[in-house]
Amino acid sequence: MRYVLTLTLALFASSFGIGQTTLPWQPDADGDGFIGAEDLIQFLTVYTTQWGPDLSVPCDYQGTSMETLFADLINGDATLDSLYFAYSIYDSALVFVPECPEQVMAYNAVERSGVIRSFDRLVLDDGRTVITSGEEIDGFFAFFDWRFDPDGGVYSLEFGDAAIVAEAAPFFGGLWHYANDHFGLPLPESWNLDELGLHFPAYESTLEQYGEFQFVPYWSATED
């Protein structure tokens, strides 16, 4: 008798066909206020089918080289091994000198390069993922950070070098970093990666207006 009942239920289920679930799931399919055989038959019509959205479907967006590297670093699929930086900046300012009663125009140029070798991937309490760095290079602290904020889809890059402030006050407006943010993909064409390194414009309130910057990342695939 048990086998006959099982076969009967299977035949009823096949007559309804197989379909996707409708959210939210309502176990009382016939609305009679009682979970009975009719409700079981309705359940069998969706047995073994996908429940809710299919999260296994990958994103099919084909990003640029820079977008792909950014995503791989944030997702942990790539590891940033080092980053070479170089810059040449120039500024002028009116300053007092001991031998003159009036201000005179003074000029300052700073050229520096180095390699940042230590990077860590961190997930912050607010949900942002950061590839962060910071180390002393020739006596001055320098860093280059990659950040992604999933709430707004904000991509951020920031470089800083304390040598600019230490060696160049009162020039460069007291600034010591080069940075920018962008909301969402695709990134602008001005954000790109080629054989010369990373290219991205900086905020007007950072150091781009004073000269040229170069950033060359070196990375490898993360081992499982």
# chains A, B, ... in the order shown; residues from 1 in each chain; ligands from 1
>>> residues_around(residues="A:Ser65", least_positions_apart="4", cutoff="9 Å", atoms="only C-alpha atoms", output="list in words")
Leu69, Phe70, Asn192, Leu193 and Asp194 of chain A
>>> write_last_selection(atoms="N, CA and C atoms", output="PDB file, in the first residue's frame")
ATOM      1  N   LEU A  69      42.734  43.781 -12.443  1.00  0.00           N
ATOM      2  CA  LEU A  69      43.717  43.738 -11.361  1.00  0.00           C
ATOM      3  C   LEU A  69      43.103  44.226 -10.058  1.00  0.00           C
ATOM      4  N   PHE A  70      42.361  45.315 -10.113  1.00  0.00           N
ATOM      5  CA  PHE A  70      41.725  45.861  -8.913  1.00  0.00           C
ATOM      6  C   PHE A  70      40.819  44.800  -8.283  1.00  0.00           C
ATOM      7  N   ASN A 192      43.868  53.564 -16.141  1.00  0.00           N
ATOM      8  CA  ASN A 192      44.273  52.423 -16.950  1.00  0.00           C
ATOM      9  C   ASN A 192      45.607  51.867 -16.483  1.00  0.00           C
ATOM     10  N   LEU A 193      45.924  50.695 -16.998  1.00  0.00           N
ATOM     11  CA  LEU A 193      47.153  49.985 -16.655  1.00  0.00           C
ATOM     12  C   LEU A 193      47.826  49.552 -17.940  1.00  0.00           C
ATOM     13  N   ASP A 194      49.119  49.903 -18.097  1.00  0.00           N
ATOM     14  CA  ASP A 194      49.886  49.459 -19.251  1.00  0.00           C
ATOM     15  C   ASP A 194      51.304  49.127 -18.808  1.00  0.00           C
TER      16      ASP A 194
END
>>> residues_around(residues="A:Ala93", least_positions_apart="6", cutoff="9 Å", atoms="only C-alpha atoms", output="PDB file with N, CA and C atoms, in the first residue's frame")
ATOM      1  N   VAL A 104      60.850  87.006  -0.828  1.00  0.00           N
ATOM      2  CA  VAL A 104      61.443  86.744  -2.139  1.00  0.00           C
ATOM      3  C   VAL A 104      60.861  85.439  -2.676  1.00  0.00           C
ATOM      4  N   MET A 105      60.901  85.301  -3.997  1.00  0.00           N
ATOM      5  CA  MET A 105      60.392  84.089  -4.623  1.00  0.00           C
ATOM      6  C   MET A 105      61.439  82.979  -4.525  1.00  0.00           C
ATOM      7  N   ALA A 106      61.034  81.863  -3.960  1.00  0.00           N
ATOM      8  CA  ALA A 106      61.930  80.710  -3.839  1.00  0.00           C
ATOM      9  C   ALA A 106      61.334  79.542  -4.618  1.00  0.00           C
ATOM     10  N   TYR A 107      62.185  78.647  -5.049  1.00  0.00           N
ATOM     11  CA  TYR A 107      61.759  77.520  -5.880  1.00  0.00           C
ATOM     12  C   TYR A 107      62.230  76.219  -5.244  1.00  0.00           C
ATOM     13  N   ASN A 108      61.437  75.178  -5.439  1.00  0.00           N
ATOM     14  CA  ASN A 108      61.798  73.883  -4.864  1.00  0.00           C
ATOM     15  C   ASN A 108      61.359  72.771  -5.802  1.00  0.00           C
ATOM     16  N   PRO A 170      57.701  75.390   2.954  1.00  0.00           N
ATOM     17  CA  PRO A 170      56.240  75.528   2.873  1.00  0.00           C
ATOM     18  C   PRO A 170      55.684  75.301   1.472  1.00  0.00           C
ATOM     19  N   PHE A 171      56.366  74.531   0.660  1.00  0.00           N
ATOM     20  CA  PHE A 171      55.942  74.319  -0.718  1.00  0.00           C
ATOM     21  C   PHE A 171      54.857  73.237  -0.813  1.00  0.00           C
ATOM     22  N   PHE A 172      54.242  73.164  -1.982  1.00  0.00           N
ATOM     23  CA  PHE A 172      53.244  72.141  -2.316  1.00  0.00           C
ATOM     24  C   PHE A 172      52.009  72.201  -1.420  1.00  0.00           C
TER      25      PHE A 172
END
>>> closest_residue(among="A:Ser82, A:Thr45, A:Ser113, A:Thr68", to="A:Gln214", atoms="only C-alpha atoms")
A:Ser113
>>> closest_residue(among="A:Ala71, A:Ile116, A:Val46, A:Ala37", to="A:Leu187", atoms="only C-alpha atoms")
A:Ala71
>>> select_by_dssp(residues="stretch 105-161 of chain A", states="strand (DSSP E or B)", output="PyMOL selection string")
chain A and resi 105-116+119-123+129-133+135-137+140-149+154-161
>>> write_last_selection(atoms="C-alpha atoms", output="PDB file, in the first residue's frame")
ATOM      1  CA  MET A 105      60.392  84.089  -4.623  1.00  0.00           C
ATOM      2  CA  ALA A 106      61.930  80.710  -3.839  1.00  0.00           C
ATOM      3  CA  TYR A 107      61.759  77.520  -5.880  1.00  0.00           C
ATOM      4  CA  ASN A 108      61.798  73.883  -4.864  1.00  0.00           C
ATOM      5  CA  ALA A 109      61.944  70.647  -6.813  1.00  0.00           C
ATOM      6  CA  VAL A 110      61.617  67.208  -5.268  1.00  0.00           C
ATOM      7  CA  GLU A 111      62.483  63.994  -7.081  1.00  0.00           C
ATOM      8  CA  ARG A 112      62.203  60.645  -5.374  1.00  0.00           C
ATOM      9  CA  SER A 113      61.665  56.985  -6.140  1.00  0.00           C
ATOM     10  CA  GLY A 114      61.413  53.770  -4.190  1.00  0.00           C
ATOM     11  CA  VAL A 115      59.780  50.374  -3.869  1.00  0.00           C
ATOM     12  CA  ILE A 116      57.026  49.535  -1.390  1.00  0.00           C
ATOM     13  CA  PHE A 119      51.071  44.904   1.485  1.00  0.00           C
ATOM     14  CA  ASP A 120      48.214  43.461   3.536  1.00  0.00           C
ATOM     15  CA  ARG A 121      44.640  42.689   2.533  1.00  0.00           C
ATOM     16  CA  LEU A 122      42.169  43.727   5.247  1.00  0.00           C
ATOM     17  CA  VAL A 123      38.377  43.682   5.519  1.00  0.00           C
ATOM     18  CA  THR A 129      38.276  45.881   1.675  1.00  0.00           C
ATOM     19  CA  VAL A 130      41.709  47.501   1.676  1.00  0.00           C
ATOM     20  CA  ILE A 131      45.043  46.509   0.197  1.00  0.00           C
ATOM     21  CA  THR A 132      47.130  48.594   2.554  1.00  0.00           C
ATOM     22  CA  SER A 133      50.821  49.316   2.893  1.00  0.00           C
ATOM     23  CA  GLU A 135      56.938  51.427   5.320  1.00  0.00           C
ATOM     24  CA  GLU A 136      59.978  53.606   5.791  1.00  0.00           C
ATOM     25  CA  ILE A 137      61.940  54.263   2.613  1.00  0.00           C
ATOM     26  CA  PHE A 140      60.489  58.646   5.301  1.00  0.00           C
ATOM     27  CA  PHE A 141      57.128  56.876   5.526  1.00  0.00           C
ATOM     28  CA  ALA A 142      55.475  56.034   2.181  1.00  0.00           C
ATOM     29  CA  PHE A 143      52.328  54.085   1.313  1.00  0.00           C
ATOM     30  CA  PHE A 144      50.066  53.091  -1.578  1.00  0.00           C
ATOM     31  CA  ASP A 145      46.551  51.830  -0.781  1.00  0.00           C
ATOM     32  CA  TRP A 146      43.773  50.255  -2.861  1.00  0.00           C
ATOM     33  CA  ARG A 147      40.270  50.420  -1.367  1.00  0.00           C
ATOM     34  CA  PHE A 148      36.824  49.152  -2.346  1.00  0.00           C
ATOM     35  CA  ASP A 149      33.579  50.130  -0.611  1.00  0.00           C
ATOM     36  CA  VAL A 154      33.592  53.101  -4.668  1.00  0.00           C
ATOM     37  CA  TYR A 155      37.085  52.355  -5.999  1.00  0.00           C
ATOM     38  CA  SER A 156      39.893  54.341  -4.340  1.00  0.00           C
ATOM     39  CA  LEU A 157      43.639  54.690  -4.877  1.00  0.00           C
ATOM     40  CA  GLU A 158      45.948  56.735  -2.660  1.00  0.00           C
ATOM     41  CA  PHE A 159      49.701  57.325  -2.497  1.00  0.00           C
ATOM     42  CA  GLY A 160      51.450  59.263   0.229  1.00  0.00           C
ATOM     43  CA  ASP A 161      55.060  60.156   0.991  1.00  0.00           C
TER      44      ASP A 161
END
>>> select_by_dssp(residues="stretch 43-183 of chain A", states="helix (DSSP H, G or I)", output="list in words")
Phe43, Leu44, Ser65, Met66, Glu67, Thr68, Leu69, Phe70, Ala71, Asp72, Leu73, Ile74, Asn75, Ala162, Ala163, Ile164, Val165, Ala166, Glu167, Ala168, Phe171, Phe172, Gly173 and Gly174 of chain A
>>> write_last_selection(atoms="C-alpha atoms", output="PDB file, in the first residue's frame")
ATOM      1  CA  PHE A  43       5.658  21.047  -2.863  1.00  0.00           C
ATOM      2  CA  LEU A  44       6.639  18.074  -5.028  1.00  0.00           C
ATOM      3  CA  SER A  65      43.405  45.364 -17.313  1.00  0.00           C
ATOM      4  CA  MET A  66      43.201  47.837 -14.447  1.00  0.00           C
ATOM      5  CA  GLU A  67      39.658  46.826 -13.475  1.00  0.00           C
ATOM      6  CA  THR A  68      40.645  43.153 -13.525  1.00  0.00           C
ATOM      7  CA  LEU A  69      43.717  43.738 -11.361  1.00  0.00           C
ATOM      8  CA  PHE A  70      41.725  45.861  -8.913  1.00  0.00           C
ATOM      9  CA  ALA A  71      39.058  43.142  -8.598  1.00  0.00           C
ATOM     10  CA  ASP A  72      41.610  40.329  -8.246  1.00  0.00           C
ATOM     11  CA  LEU A  73      43.422  42.165  -5.448  1.00  0.00           C
ATOM     12  CA  ILE A  74      40.223  43.021  -3.582  1.00  0.00           C
ATOM     13  CA  ASN A  75      38.819  39.477  -3.977  1.00  0.00           C
ATOM     14  CA  ALA A 162      56.092  62.019   4.136  1.00  0.00           C
ATOM     15  CA  ALA A 163      59.333  63.107   2.450  1.00  0.00           C
ATOM     16  CA  ILE A 164      57.382  65.743   0.521  1.00  0.00           C
ATOM     17  CA  VAL A 165      56.315  67.510   3.707  1.00  0.00           C
ATOM     18  CA  ALA A 166      59.569  66.947   5.579  1.00  0.00           C
ATOM     19  CA  GLU A 167      61.834  68.239   2.817  1.00  0.00           C
ATOM     20  CA  ALA A 168      59.652  70.791   1.075  1.00  0.00           C
ATOM     21  CA  PHE A 171      55.942  74.319  -0.718  1.00  0.00           C
ATOM     22  CA  PHE A 172      53.244  72.141  -2.316  1.00  0.00           C
ATOM     23  CA  GLY A 173      50.558  73.563  -0.047  1.00  0.00           C
ATOM     24  CA  GLY A 174      51.513  71.201   2.747  1.00  0.00           C
TER      25      GLY A 174
END
>>> closest_residue(among="A:Arg117, A:Glu208, A:Pro188, A:Leu124", to="A:Tyr84", atoms="only C-alpha atoms")
A:Arg117
>>> closest_residue(among="A:Ile41, A:Ala78, A:Ile35, A:Leu83", to="A:Ala221", atoms="only C-alpha atoms")
A:Ala78
